[in-house]
Amino acid sequence: MKSVGILGVGQAGGNIAEIATTMGFQTALINTNQRDGAVNTKVEKKFFVPGYNGAGQDRSIGLRAVHEHYRELIEFVKKSFKNVKLLLVAFSTDGGTGSGMSPLLIDILLDQLPGINIGAIAVVPERNVLAGNRINAAECIEQISKIEGISSVFLVDNDQMRKVNPQSSKQQIYLSSNRQVMEAISYVLQVTQKSSIYGNFDETDLMNILNTRGVTMISSTTVTDVKTTAEISNKIQRSWANTIFCPIDTVGVIRAGLIYEGPETVAKLISAPAIFEGIGEPLELFEGTYISDTDPTVTMILAGLSFPRRRLQTLEESLEKNKERLQFLVNKEHAEKYESQVSWASNLKAKPPERKPTGVTSKLTKYQK
Ligand SMILES: Nc1nc2c(ncn2[C@@H]2O[C@H](COP(=O)(O)OP(=O)(O)OP(=O)(O)O)[C@@H](O)[C@H]2O)c(=O)[nH]1
Ligand SMILES: [Mg+2]
């Protein structure tokens with residue numbers, strides 16, 4: 001059994017848990033909407049918050065669900081995962097259920113599951129989502145960034161998929177994002193099971209990296225046909241921009257992993273100082289070298305990164321730019337009234353003739369000749 005568990009919250013979270021199940025991870029899901037969770041048929045353990053029917057992109061509803069049911073939620077998580085060292089809570093930041101529930105849920109679980117490290121797989125929406133989603137994402141990411149005891153936060157960037165596949169449907173983007181993030185995590189976990197006489201990357205190394213607080217990303221690149229240390233370093237650095245995770249834009253990696261698989265000739269060209277030249281050397285580096293005849297591949301795990309300012313600004317700047325229009329829309333909801341220009345015409349509508357009883361005598365008098 002893998003030592004990393006995946007707890008999906010909300011629709012995106014459930015979908016990530018679904019793929020994780022097929023890769024052998026322990027999984028469970030939580031939703032406020034039974035119908036959404038039901039489609040993730042491979043995930044066996046499910047908790048539907050009673051009395052809810054989705055959060056309709058309203059984070060406060062997700063938050064309320066945790067407030068009202070945190071005891072059952074803790075129980076559910078405790079009994080769903082056995083002997084995991086790291087629990088990753090997966091959710092999208094821009095909906096209502098996952099985005100509203102997860103920050104508080106993670107904070108509570110950190111308190112209630114002292115033996116398990118807890119991190120996050122948080123989906124950042126692609127470029128063409130609307131204002132409401134952007135507001136949700138900004139609020140959620142800020143809350144996640146402020147959780148004290150949290151381990152790795154993987155920021156899955158749907159926009160990275162959109163960049164390479166501009167014509168894809170949303171569903172294709174979601175599926176590939178989910179698959180890529182879980183494949184990356186699954187790969188680094190699998191490597192810890194291999195042995196090498198050149199230097200092992202074992203589970204303790206991996207957990208040391210993944211338990212680092214801050215943003216974590218995993219990159220991978222083949223390094224066929226490289227001849228120099230400069231070339232290989234350059235190729236690795238470029239691979240950091242082409243992952244499924246938000247591109248990094250600041251210096252300062254705290255812990256890192258460097259895993260090499262391939263022929264010995266290429267292994268000799270790898271130099272940590274050269275690789276980290278641009279972003280600074282980490283506090284600790286854990287290396288694994290696995291000599292084989294396969295295409296040479298370098299996989300890196302960078303942990304303790306800052307929240308990517310530039311990426312998150314692209315999420316926020318369209319709100320800033322449209323501030324007045326958005327405020328107008330919000331006010332409009334409550335100020336909306338329609339004044340008819342033809343209200344005078346209401347008097348024209350057919351009315352039954354008025355019948356005032358005047359008495360027979362007056363009628364008789366009226367007809368008297
Ligand atoms: N990567 C990825 N992103 C997804 C997936 N499904 C939804 N999303 C993202 O999540 C956003 C919608 O959030 P959901 O996860 O559906 O929302 P929820 O947590 O179920 O909350 P409510 O539906 O509002 O109750 C979309 O705008 C996408 O950014 C998925 O399977 N994978
Ligand atoms: Mg939903």
# chains A, B, ... in the order shown; residues from 1 in each chain; ligands from 1
>>> closest_atom_pairs(of="range 175-203 of chain A", to="range 80-104 of chain A", cutoff="12 Å", atoms="only C-alpha atoms", output="tab-separated table")
residue	atom	partner	partner_atom	distance
A:Ser177	CA	A:Ser92	CA	11.7
A:Asn178	CA	A:Ala90	CA	10.1
A:Val181	CA	A:Ala90	CA	10.7
A:Met182	CA	A:Ala90	CA	10.7
A:Ile185	CA	A:Leu88	CA	10.6
A:Leu189	CA	A:Leu86	CA	11.5
A:Glu203	CA	A:Lys85	CA	10.1
>>> residues_near_ligand(ligand="ligand 1", cutoff="9 Å", atoms="only C-alpha atoms and all ligand atoms", output="number ranges by chain")
A: 9-16, 31-33, 36-37, 53-59, 61-62, 91-101, 122-126, 129-130, 133, 137, 156-158, 170-171, 173-179, 181
>>> write_last_selection(atoms="C-alpha atoms", output="mmCIF file, in the first residue's frame")
data_model
loop_
_atom_site.group_PDB
_atom_site.id
_atom_site.type_symbol
_atom_site.label_atom_id
_atom_site.label_comp_id
_atom_site.auth_asym_id
_atom_site.auth_seq_id
_atom_site.Cartn_x
_atom_site.Cartn_y
_atom_site.Cartn_z
ATOM 1 C CA VAL A 9 -13.137 17.347 -1.790
ATOM 2 C CA GLY A 10 -15.723 18.618 -4.295
ATOM 3 C CA GLN A 11 -15.995 17.654 -7.931
ATOM 4 C CA ALA A 12 -12.398 18.282 -9.047
ATOM 5 C CA GLY A 13 -11.113 16.621 -5.871
ATOM 6 C CA GLY A 14 -13.283 13.559 -6.489
ATOM 7 C CA ASN A 15 -11.998 13.310 -10.053
ATOM 8 C CA ILE A 16 -8.380 13.459 -8.880
ATOM 9 C CA ASN A 31 -18.842 16.271 -1.400
ATOM 10 C CA THR A 32 -21.893 18.355 -0.599
ATOM 11 C CA ASN A 33 -23.561 16.920 -3.679
ATOM 12 C CA ASP A 36 -21.253 14.690 -8.262
ATOM 13 C CA GLY A 37 -19.520 12.150 -6.045
ATOM 14 C CA ASN A 53 -27.173 19.813 -2.369
ATOM 15 C CA GLY A 54 -23.968 21.342 -3.762
ATOM 16 C CA ALA A 55 -22.505 24.706 -2.868
ATOM 17 C CA GLY A 56 -23.242 26.473 -6.173
ATOM 18 C CA GLN A 57 -19.789 28.101 -6.238
ATOM 19 C CA ASP A 58 -20.460 29.703 -2.873
ATOM 20 C CA ARG A 59 -17.462 29.168 -0.595
ATOM 21 C CA ILE A 61 -21.669 27.116 1.984
ATOM 22 C CA GLY A 62 -18.623 24.814 1.880
ATOM 23 C CA PHE A 91 -9.752 20.221 -4.527
ATOM 24 C CA SER A 92 -10.319 23.056 -6.966
ATOM 25 C CA THR A 93 -9.814 26.556 -5.602
ATOM 26 C CA ASP A 94 -12.528 28.206 -7.700
ATOM 27 C CA GLY A 95 -15.723 26.250 -6.925
ATOM 28 C CA GLY A 96 -17.744 26.330 -3.700
ATOM 29 C CA THR A 97 -17.466 22.929 -2.009
ATOM 30 C CA GLY A 98 -13.769 22.059 -2.344
ATOM 31 C CA SER A 99 -12.592 25.653 -2.135
ATOM 32 C CA GLY A 100 -14.778 26.518 0.860
ATOM 33 C CA MET A 101 -14.311 23.299 2.821
ATOM 34 C CA ALA A 122 -5.071 22.677 -5.189
ATOM 35 C CA VAL A 123 -6.320 23.295 -8.726
ATOM 36 C CA VAL A 124 -5.804 26.830 -10.075
ATOM 37 C CA PRO A 125 -8.361 27.644 -12.801
ATOM 38 C CA GLU A 126 -7.512 28.255 -16.435
ATOM 39 C CA VAL A 129 -12.982 31.492 -16.040
ATOM 40 C CA LEU A 130 -15.280 34.269 -14.858
ATOM 41 C CA ASN A 133 -14.327 31.776 -9.907
ATOM 42 C CA ALA A 137 -9.522 31.033 -6.118
ATOM 43 C CA VAL A 156 -2.125 22.247 -10.313
ATOM 44 C CA ASP A 157 -2.449 24.798 -13.075
ATOM 45 C CA ASN A 158 -5.245 24.061 -15.566
ATOM 46 C CA LYS A 170 -12.738 21.667 -20.530
ATOM 47 C CA GLN A 171 -13.189 17.972 -19.798
ATOM 48 C CA ILE A 173 -8.093 19.751 -19.878
ATOM 49 C CA TYR A 174 -9.367 18.485 -16.506
ATOM 50 C CA LEU A 175 -8.639 14.844 -17.275
ATOM 51 C CA SER A 176 -5.110 15.470 -18.492
ATOM 52 C CA SER A 177 -4.342 17.764 -15.546
ATOM 53 C CA ASN A 178 -5.603 15.153 -13.092
ATOM 54 C CA ARG A 179 -3.646 12.396 -14.781
ATOM 55 C CA VAL A 181 -0.358 15.459 -11.372
#
>>> select_by_dssp(residues="range 145-270 of chain A", states="strand (DSSP E)", output="list in words")
Ser152, Val153, Phe154, Leu155, Val156, Asp157, Gly214, Val215, Thr216, Met217, Ile218, Ser219, Ser220, Thr221, Thr222, Arg255, Ala256, Gly257, Leu258, Ile259, Tyr260, Glu261 and Gly262 of chain A
>>> write_last_selection(atoms="N, CA, C and O atoms", output="PDB file, in the first residue's frame")
ATOM      1  N   SER A 152       3.536  19.976   1.880  1.00  0.00           N
ATOM      2  CA  SER A 152       3.548  20.442   0.490  1.00  0.00           C
ATOM      3  C   SER A 152       2.183  20.877  -0.042  1.00  0.00           C
ATOM      4  O   SER A 152       1.185  20.195   0.170  1.00  0.00           O
ATOM      5  N   VAL A 153       2.175  21.988  -0.746  1.00  0.00           N
ATOM      6  CA  VAL A 153       0.989  22.399  -1.500  1.00  0.00           C
ATOM      7  C   VAL A 153       1.349  22.309  -2.985  1.00  0.00           C
ATOM      8  O   VAL A 153       2.240  23.008  -3.456  1.00  0.00           O
ATOM      9  N   PHE A 154       0.678  21.389  -3.694  1.00  0.00           N
ATOM     10  CA  PHE A 154       0.879  21.281  -5.145  1.00  0.00           C
ATOM     11  C   PHE A 154      -0.166  22.161  -5.816  1.00  0.00           C
ATOM     12  O   PHE A 154      -1.366  21.940  -5.624  1.00  0.00           O
ATOM     13  N   LEU A 155       0.266  23.152  -6.562  1.00  0.00           N
ATOM     14  CA  LEU A 155      -0.687  24.014  -7.266  1.00  0.00           C
ATOM     15  C   LEU A 155      -0.819  23.528  -8.710  1.00  0.00           C
ATOM     16  O   LEU A 155       0.049  23.776  -9.545  1.00  0.00           O
ATOM     17  N   VAL A 156      -1.891  22.793  -8.971  1.00  0.00           N
ATOM     18  CA  VAL A 156      -2.125  22.247 -10.313  1.00  0.00           C
ATOM     19  C   VAL A 156      -2.720  23.357 -11.174  1.00  0.00           C
ATOM     20  O   VAL A 156      -3.749  23.923 -10.826  1.00  0.00           O
ATOM     21  N   ASP A 157      -2.051  23.653 -12.264  1.00  0.00           N
ATOM     22  CA  ASP A 157      -2.449  24.798 -13.075  1.00  0.00           C
ATOM     23  C   ASP A 157      -3.166  24.336 -14.347  1.00  0.00           C
ATOM     24  O   ASP A 157      -2.527  23.892 -15.296  1.00  0.00           O
ATOM     25  N   GLY A 214       5.084  24.982   2.155  1.00  0.00           N
ATOM     26  CA  GLY A 214       5.234  25.849   0.978  1.00  0.00           C
ATOM     27  C   GLY A 214       4.766  25.145  -0.268  1.00  0.00           C
ATOM     28  O   GLY A 214       4.164  24.074  -0.211  1.00  0.00           O
ATOM     29  N   VAL A 215       5.057  25.758  -1.402  1.00  0.00           N
ATOM     30  CA  VAL A 215       4.614  25.202  -2.680  1.00  0.00           C
ATOM     31  C   VAL A 215       5.637  24.185  -3.182  1.00  0.00           C
ATOM     32  O   VAL A 215       6.843  24.411  -3.078  1.00  0.00           O
ATOM     33  N   THR A 216       5.133  23.058  -3.690  1.00  0.00           N
ATOM     34  CA  THR A 216       6.008  22.002  -4.206  1.00  0.00           C
ATOM     35  C   THR A 216       5.670  21.722  -5.659  1.00  0.00           C
ATOM     36  O   THR A 216       4.503  21.796  -6.043  1.00  0.00           O
ATOM     37  N   MET A 217       6.676  21.420  -6.444  1.00  0.00           N
ATOM     38  CA  MET A 217       6.406  20.993  -7.827  1.00  0.00           C
ATOM     39  C   MET A 217       7.344  19.869  -8.241  1.00  0.00           C
ATOM     40  O   MET A 217       8.421  19.695  -7.658  1.00  0.00           O
ATOM     41  N   ILE A 218       6.884  19.103  -9.225  1.00  0.00           N
ATOM     42  CA  ILE A 218       7.687  17.992  -9.738  1.00  0.00           C
ATOM     43  C   ILE A 218       7.861  18.219 -11.238  1.00  0.00           C
ATOM     44  O   ILE A 218       6.888  18.510 -11.942  1.00  0.00           O
ATOM     45  N   SER A 219       9.091  18.130 -11.701  1.00  0.00           N
ATOM     46  CA  SER A 219       9.346  18.304 -13.140  1.00  0.00           C
ATOM     47  C   SER A 219      10.086  17.079 -13.646  1.00  0.00           C
ATOM     48  O   SER A 219      10.739  16.377 -12.887  1.00  0.00           O
ATOM     49  N   SER A 220       9.974  16.850 -14.943  1.00  0.00           N
ATOM     50  CA  SER A 220      10.659  15.700 -15.508  1.00  0.00           C
ATOM     51  C   SER A 220      11.072  16.032 -16.932  1.00  0.00           C
ATOM     52  O   SER A 220      10.313  16.683 -17.657  1.00  0.00           O
ATOM     53  N   THR A 221      12.265  15.629 -17.328  1.00  0.00           N
ATOM     54  CA  THR A 221      12.669  15.864 -18.708  1.00  0.00           C
ATOM     55  C   THR A 221      13.630  14.780 -19.180  1.00  0.00           C
ATOM     56  O   THR A 221      14.446  14.287 -18.388  1.00  0.00           O
ATOM     57  N   THR A 222      13.517  14.417 -20.444  1.00  0.00           N
ATOM     58  CA  THR A 222      14.517  13.493 -20.989  1.00  0.00           C
ATOM     59  C   THR A 222      15.708  14.352 -21.404  1.00  0.00           C
ATOM     60  O   THR A 222      15.547  15.491 -21.843  1.00  0.00           O
ATOM     61  N   ARG A 255      13.903  22.435   0.105  1.00  0.00           N
ATOM     62  CA  ARG A 255      14.408  21.067  -0.051  1.00  0.00           C
ATOM     63  C   ARG A 255      14.136  20.593  -1.470  1.00  0.00           C
ATOM     64  O   ARG A 255      13.129  20.985  -2.060  1.00  0.00           O
ATOM     65  N   ALA A 256      15.014  19.751  -1.980  1.00  0.00           N
ATOM     66  CA  ALA A 256      14.812  19.296  -3.356  1.00  0.00           C
ATOM     67  C   ALA A 256      15.230  17.848  -3.523  1.00  0.00           C
ATOM     68  O   ALA A 256      16.027  17.311  -2.739  1.00  0.00           O
ATOM     69  N   GLY A 257      14.666  17.217  -4.547  1.00  0.00           N
ATOM     70  CA  GLY A 257      15.047  15.859  -4.923  1.00  0.00           C
ATOM     71  C   GLY A 257      15.549  15.893  -6.354  1.00  0.00           C
ATOM     72  O   GLY A 257      15.032  16.656  -7.177  1.00  0.00           O
ATOM     73  N   LEU A 258      16.550  15.065  -6.643  1.00  0.00           N
ATOM     74  CA  LEU A 258      17.109  15.012  -7.993  1.00  0.00           C
ATOM     75  C   LEU A 258      17.264  13.541  -8.342  1.00  0.00           C
ATOM     76  O   LEU A 258      18.093  12.836  -7.754  1.00  0.00           O
ATOM     77  N   ILE A 259      16.426  13.080  -9.252  1.00  0.00           N
ATOM     78  CA  ILE A 259      16.416  11.654  -9.575  1.00  0.00           C
ATOM     79  C   ILE A 259      16.847  11.468 -11.029  1.00  0.00           C
ATOM     80  O   ILE A 259      16.272  12.075 -11.939  1.00  0.00           O
ATOM     81  N   TYR A 260      17.841  10.635 -11.214  1.00  0.00           N
ATOM     82  CA  TYR A 260      18.326  10.387 -12.574  1.00  0.00           C
ATOM     83  C   TYR A 260      18.153   8.918 -12.917  1.00  0.00           C
ATOM     84  O   TYR A 260      18.485   8.035 -12.121  1.00  0.00           O
ATOM     85  N   GLU A 261      17.616   8.677 -14.107  1.00  0.00           N
ATOM     86  CA  GLU A 261      17.547   7.308 -14.625  1.00  0.00           C
ATOM     87  C   GLU A 261      18.118   7.321 -16.029  1.00  0.00           C
ATOM     88  O   GLU A 261      17.723   8.162 -16.843  1.00  0.00           O
ATOM     89  N   GLY A 262      19.069   6.411 -16.326  1.00  0.00           N
ATOM     90  CA  GLY A 262      19.644   6.363 -17.668  1.00  0.00           C
ATOM     91  C   GLY A 262      21.084   5.896 -17.636  1.00  0.00           C
ATOM     92  O   GLY A 262      21.577   5.433 -16.596  1.00  0.00           O
TER      93      GLY A 262
END
>>> atom_distance(atom1="CA of Gln160 in chain A", atom2="CA of Asn128 in chain A")
12.6 Å
>>> select_by_dssp(residues="range 155-338 of chain A", states="alpha helix (DSSP H)", output="JSON, numbers by chain")
{"A": [158, 159, 160, 161, 162, 163, 164, 170, 171, 172, 173, 174, 175, 176, 177, 178, 179, 180, 181, 182, 183, 184, 185, 186, 187, 188, 189, 190, 191, 203, 204, 205, 206, 207, 208, 209, 210, 229, 230, 231, 232, 233, 234, 235, 236, 237, 238, 239, 264, 265, 266, 267, 272, 273, 274, 275, 309, 310, 311, 312, 313, 314, 315, 316, 317, 318, 319, 320, 321, 323, 324, 325, 326, 327, 328, 329, 330, 331, 332, 333, 334, 335]}
>>> closest_residue(among="A:Tyr187, A:Phe286, A:Phe48, A:Phe25", to="Ala303 in chain A", atoms="only C-alpha atoms")
A:Phe286
>>> residues_around(residues="Glu44 in chain A", least_positions_apart="5", cutoff="9 Å", atoms="only C-alpha atoms", output="list in words")
Thr27, Ala28 and Leu29 of chain A
>>> write_last_selection(atoms="N, CA and C atoms", output="PDB file, in the first residue's frame")
ATOM      1  N   THR A  27      -7.655   6.157  -1.287  1.00  0.00           N
ATOM      2  CA  THR A  27      -8.420   7.362  -1.612  1.00  0.00           C
ATOM      3  C   THR A  27      -9.748   7.412  -0.880  1.00  0.00           C
ATOM      4  N   ALA A  28     -10.304   8.609  -0.806  1.00  0.00           N
ATOM      5  CA  ALA A  28     -11.653   8.816  -0.277  1.00  0.00           C
ATOM      6  C   ALA A  28     -12.129  10.144  -0.832  1.00  0.00           C
ATOM      7  N   LEU A  29     -13.435  10.370  -0.814  1.00  0.00           N
ATOM      8  CA  LEU A  29     -13.914  11.676  -1.272  1.00  0.00           C
ATOM      9  C   LEU A  29     -15.028  12.219  -0.393  1.00  0.00           C
TER      10      LEU A  29
END
>>> residues_around(residues="range 305-321 of chain A", least_positions_apart="2", cutoff="8 Å", atoms="only C-alpha atoms", output="PyMOL selection string")
chain A and resi 127+131+134-135+138+145+214-216+246-254+302-303+323+326
>>> closest_residue(among="A:Ala17, A:Ala241, A:Leu7, A:Ile30", to="ligand 2", atoms="only C-alpha atoms and all ligand atoms")
A:Ile30
>>> atom_distance(atom1="CA of Leu63 in chain A", atom2="CA of Thr212 in chain A")
26.2 Å
>>> residues_around(residues="Gln193 in chain A", least_positions_apart="2", cutoff="12 Å", atoms="only C-alpha atoms", output="PyMOL selection string")
chain A and resi 1-3+186-191+195-196+200-206+288+290
>>> atom_distance(atom1="CA of Arg213 in chain A", atom2="CA of Ser151 in chain A")
4.5 Å
>>> closest_residue(among="A:Asn322, A:Gln327, A:Gln34, A:Asn242", to="ligand 2", atoms="only C-alpha atoms and all ligand atoms")
A:Gln34
>>> residues_around(residues="Leu269 in chain A", least_positions_apart="6", cutoff="8 Å", atoms="only C-alpha atoms", output="PyMOL selection string")
chain A and resi 227-229+232
>>> residues_around(residues="Ala230 in chain A", least_positions_apart="4", cutoff="12 Å", atoms="only C-alpha atoms", output="ChimeraX atom specification")
/A:223,226,234-237,269-277
>>> write_last_selection(atoms="C-alpha atoms", output="mmCIF file, in the first residue's frame")
data_model
loop_
_atom_site.group_PDB
_atom_site.id
_atom_site.type_symbol
_atom_site.label_atom_id
_atom_site.label_comp_id
_atom_site.auth_asym_id
_atom_site.auth_seq_id
_atom_site.Cartn_x
_atom_site.Cartn_y
_atom_site.Cartn_z
ATOM 1 C CA VAL A 223 18.103 14.574 -21.536
ATOM 2 C CA VAL A 226 23.214 16.423 -24.206
ATOM 3 C CA ASN A 234 19.697 24.351 -19.022
ATOM 4 C CA LYS A 235 17.348 21.584 -20.115
ATOM 5 C CA ILE A 236 16.377 20.828 -16.515
ATOM 6 C CA GLN A 237 15.758 24.498 -15.725
ATOM 7 C CA LEU A 269 27.253 15.578 -16.508
ATOM 8 C CA ILE A 270 24.753 16.335 -13.720
ATOM 9 C CA SER A 271 25.910 19.061 -11.353
ATOM 10 C CA ALA A 272 23.691 20.409 -8.569
ATOM 11 C CA PRO A 273 25.402 23.832 -8.312
ATOM 12 C CA ALA A 274 24.888 24.367 -12.044
ATOM 13 C CA ILE A 275 21.243 23.321 -11.881
ATOM 14 C CA PHE A 276 20.453 25.648 -8.983
ATOM 15 C CA GLU A 277 22.441 28.583 -10.304
#
